Amino acid sequence: MKLSALHQSYLNRRSNSFRSPTSLDSSVDGSGKSLIAVFWLILHCLCCLISLVLGFRFSRLVFFFLFSTSSTNFYSAPFRPDLPVKHLDVHTIGRNLDPGANGTVAMATKSSRVVVGRHGIRIRPWPHPNPVEVMKAHGIIERVQKEQKTIFGMKSSKMVIAVTPTYVRTFQALHLTGVVHSLMLVPYDVVWIVVEAGGATNETGLIIAKSGLRTIHVGIDQRMPNTWEDRSKLEVFMRLQALRVVREEKLDGIVMFADDSNMHSMEFFDEIQNVKWFGTVSVGILAHSGNAEEMVMSMDKRKEMEKEEEEESSSLPVQGPACNSTDQLIGWHIFNTLPYAGKSAVYIDDVAAVLPQKLEWSGFVLNSRLLWEEAENKPEWVKDFGSLNENEGVESPLSLLKDPSMVEPLGSCGRQVLLWWLRVEARADSKFPPGWIIDPPLEITVAAKRTPWPDVPPEPPTKKKDQMPLSQGNTVVVIPKQQQHSTKIRKPKRRSKKNKHEPRPTDTTTQVYSSSSKHQERN
Amino acid sequence: MLSLPSSFLGSKPSHTSPVDMKISSCLSSILLFFLFSAFSAEQNVRTERISGSAGDVLEDNPVGRLKVYVYELPSKYNKKLLQKDPRCLTHMFAAEIFMHRFLLSSPVRTRNPDEADWFYTPIYPTCDLTPTGLPLPFKSPRMMRSAIQLISSNWPYWNRTEGADHFFVVPHDFGACFHYQEEKAIERGILPLLQRATLVQTFGQRNHVCLDEGSITIPPFAPPQKMQAHFIPPDIPRSIFVYFRGLFYDVNNDPEGGYYARGARAAVWENFKNNPLFDISTDHPTTYYEDMQRAIFCLCPLGWAPWSPRLVEAVVFGCIPVIIADDIVLPFADAIPWEEIGVFVAEKDVPELDTILTSIPTEVILRKQRLLANPSMKRAMLFPQPAQPGDAFHQILNGLARKLPHDKSIYLKAGEKELNWTAGPVSDLKPW
């Protein structure tokens with residue numbers, strides 16, 4: 001009841017609030033009371049004048065504080081809440097206002113410990129959070145959430161079996177690290193089957209070992225071809241190899257296909273726990289052309305098209321289940337490749353849109369028991385995996401089924417896009433340091449002043465070779481600015497200038513000039 | 001629940017031979033026992049049964065245990081007030097109106113006053129609202145007095161006991177003291193004519209003038225449909241540690257602070273405004289109910305009066321109430337073990353609130369959440385339309401039933417008078 005006095009008249013409230021001091025002298029009665037009332041009125045007017053002068057509300061209670069003789073219980077009324085806290089760090093005790101003295105004798109026996117009237121606002125000296133307590137609170141929150149999960153969430157969670165086909169190339173570390181981080185965040189048990197084209201290498205092994213997950217690293221001898229079509233065919237082969245591993249090892253869980261350049265959301269892993277046998281999710285397709293200008297042009301074109309023909313449905317970049325109004329699966333939405341006809345990338349490093357297959361494997365999840373030889377309750381609409389004939393052309397996981405209508409649509413029937421498909425690769429001839437460790441360290445120093453191109457960053461002070469002797473093994477690396485803005489990686493230009501301990505001025509100058517001339521040649 | 005097997009056995013028809021009947025009854029009782037224990041064991045994982053001090057009284061059925069007679073008062077005491085201002089149906093004092101409606105159609109109602117255990121006067125003292133919607137209690141004493149005069153002159157039952165077997169619903173700030181300011185309310189005290197009657201009120205504070213010993217404390221009215229419309233799935237993790245929305249300083253009436261909430265709300269703000277664990281502010285978010293369901297602790301500090309609808313909201317949304325109000329008497333305190341459900345913090349301990357809350361062991365917190373999850377607990381706090389078993393109406397009737405049978409001493413002998421009809425401020429004696 002915070003607005004209880006809102007509609008009371010101002011005078012009434014005033015009279016009420018200064019009745020509280022008078023009640024302390026409740027023993028005085030009759031004429032004494034009226035004298036005191038007059039006194040307080042005068043005091044009140046005085047305080048009003050002082051307030052007008054000072055500019056903030058000067059509480060009468062200061063006088064009361066001065067004149068109070070009754071008890072040692074005093075307090076400092078906080079003048080204004082927005083004044084600095086330092087003034088208010090006095091622990092105060094509430095004024096002892098006895099309501100019982102007001103009323104009848106019967107009420108005197110009911111005097112409570114809780115008193116009516118003005119109380120001090122208690123503030124501790126350091127009103128800031130204590131880090132130990134914050135940690136304890138987070139522990140409590142975690143425990144409560146765990147309990148919530150056990151009661152309302154998953155009853156029992158199944159293991160996630162991730163299947164990733166990969167091969168060593170420049171962008172492998174980029175893509176695979178993304179998958180590593182996603183899988184490390186999954187709150188369930190994970191088995192990661194990594195199938196590598198070109199044999200199991202240390203390169204890949206190092207990356208996947210950092211995840212700390214249980215991994216099965218399988219190598220196949222074929223090398224990855226450099227057209228997208230052949231690559232996807234080989235990837236299908238690699239995935240089937242992984243599924244054979246699942247069958248042989250009798251891994252029990254939910255198989256999902258984590259392509260190494262895909263992006264998974266955490267809700268995806270929660271959602272696939274709901275699959276009974278075979279499920280499908282919606283995949284966001286990011287068909288990226290690699291050429292920023294063309295992208296911009298296509299965006300503008302699309303806007304124009306949208307203005308002209310509003311009826312035209314935009315090519316929805318989602319591949320996933322299509323449901324009717326009763327949430328039953330009736331088909332699949334497929335990425336519309338018509339706008340890109342003839343303009344899509346063929347070779348892996350083409351500057352064109354990379355298009356997905358008709359149905360990407362990553363949009364499907366299956367219960368690993370479907371692959372086993374003997375599993376109880378295995379549905380009849382699943383082909384036996386052991387007798388799968390690969391030469392017939394396995395395009396999508398639907399080839400494992402006799403009846404594709406039994407697939408369960410996940411993610412509220414495909415309405416939630418839980419993962420994204422993207423293919424970005426570097427040029428076929430791009431090189432990168434093995435393991436992304438630069439060893440031996442590059443030793444290049446170039447005095448920025450001496451280079452011909454104007455747009456260089458200001459030189460750091462250690463670069464003045466002719467003035468300061470540079471210690472051996474100086475490892476200042478200078479990588480020149482890129483000439484073009486392109487997503488493609490160029491070969492890092494290695495300049496093999498070795499810096500001598502005490503450089504001879506003539507030598508260095510000639511060397512510098514020769515390097516700069518070399519640059520000019522290259523340019 | 002465990003009483004059912006015996007009743008089942010009792011009602012089993014016996015057409016077979018005694019030995020057969022004995023065997024079959026034993027088998028069925030064993031089967032039933034296992035079924036029930038399995039069922040209750042499963043239930044216990046999620047929720048815990050609330051055993052009140054009187055033992056599972058929340059699920060008692062008042063029908064058959066008491067009879068209530070509803071006086072026929074002219075509509076100027078009830079219907080006309082409501083017609084004048086229908087806002088009375090939605091504010092937090094609407095319990096008085098809904099109680100009337102419930103009693104009119106309840107099986108405990110009797111049309112024969114001679115067999116009634118309790119007498120109810122359908123009067124809405126809190127239905128005189130300002131334009132902004134706040135009830136003005138200034139005329140309520142006169143209205144009450146006029147109603148009592150009416151019933152004492154038209155029926156003999158008031159004079160028989162001087163109101164000791166009558167009950168009144170007075171949900172206003174300080175109950176039957178009929179004032180919104182505590183000092184004034186204390187000064188007035190409970191209306192003298194109601195001193196022998198049982199008061200059903202929301203206000204409860206120990207050793208306070210406005211709480212009579214035999215009163216029944218009820219929760220304030222909170223609209224059940226509105227709250228149920230805002231439920232979120234229970235698996236959404238609770239990530240807010242402490243939650244509170246409301247005023248800390250009542251700048252209109254008490255700008256300096258110190259009067260409002262006895263300084264407790266201001267202390268909460270000053271001590272914890274920088275604390276990320278405390279999600280406290282004066283905002284009015286549209287997601288207030290949803291946020292409560294994502295919080296572990298919800299503060300329920302006193303305001304101008306110690307009670308607040310926040311308690312009801314916290315219980316319904318499963319947020320552990322942190323009650324900061326010294327000596328407060330919570331609703332249905334004899335049926336609900338509030339100590340086990342909520343956390344009580346003394347007003348002087350508010351600066352250490354974070355230490356207190358973080359030092360509660362996690363098992364205790366989980367147990368409190370399980371108790372709160374019990375649906376009978378949530379039902380007991382609400383006034384649904386139409387009434388449902390176990391709701392607040394039934395708890396009130398249970399409370400009244402627990403006070404039966406009436407002591408013989410309440411019946412006054414002829415000519416004996418206990419009440420002083422001229423007591424109280426002079427302005428109260430004016431007719432209404």
# chains A, B, ... in the order shown; residues from 1 in each chain; ligands from 1
>>> interface_residues(of="chain B", to="chain A", cutoff="7 Å", atoms="only C-alpha atoms", output="number ranges by chain")
B: 46, 180, 183, 187, 207-209, 234-235, 237-239, 241, 250, 253, 256, 258-259, 262-264, 266-267, 270-272, 274-275, 303-305, 326, 351, 355, 358, 362, 366
>>> residues_around(residues="Asn274 (chain A)", least_positions_apart="4", cutoff="10 Å", atoms="only C-alpha atoms", output="list in words")
Met154, Ser157, Lys158, Ile254, Phe269, Asp270, Gly279, Glu408, Leu410 and Gly411 of chain A
>>> atom_distance(atom1="CA of Trp269 (chain B)", atom2="CA of Val364 (chain B)")
26.4 Å
>>> residues_around(residues="region 177-190 of chain A", least_positions_apart="5", cutoff="7 Å", atoms="only C-alpha atoms", output="JSON, numbers by chain")
{"A": [157, 159, 160, 161, 208, 211, 213, 214, 260, 264, 266, 269]}
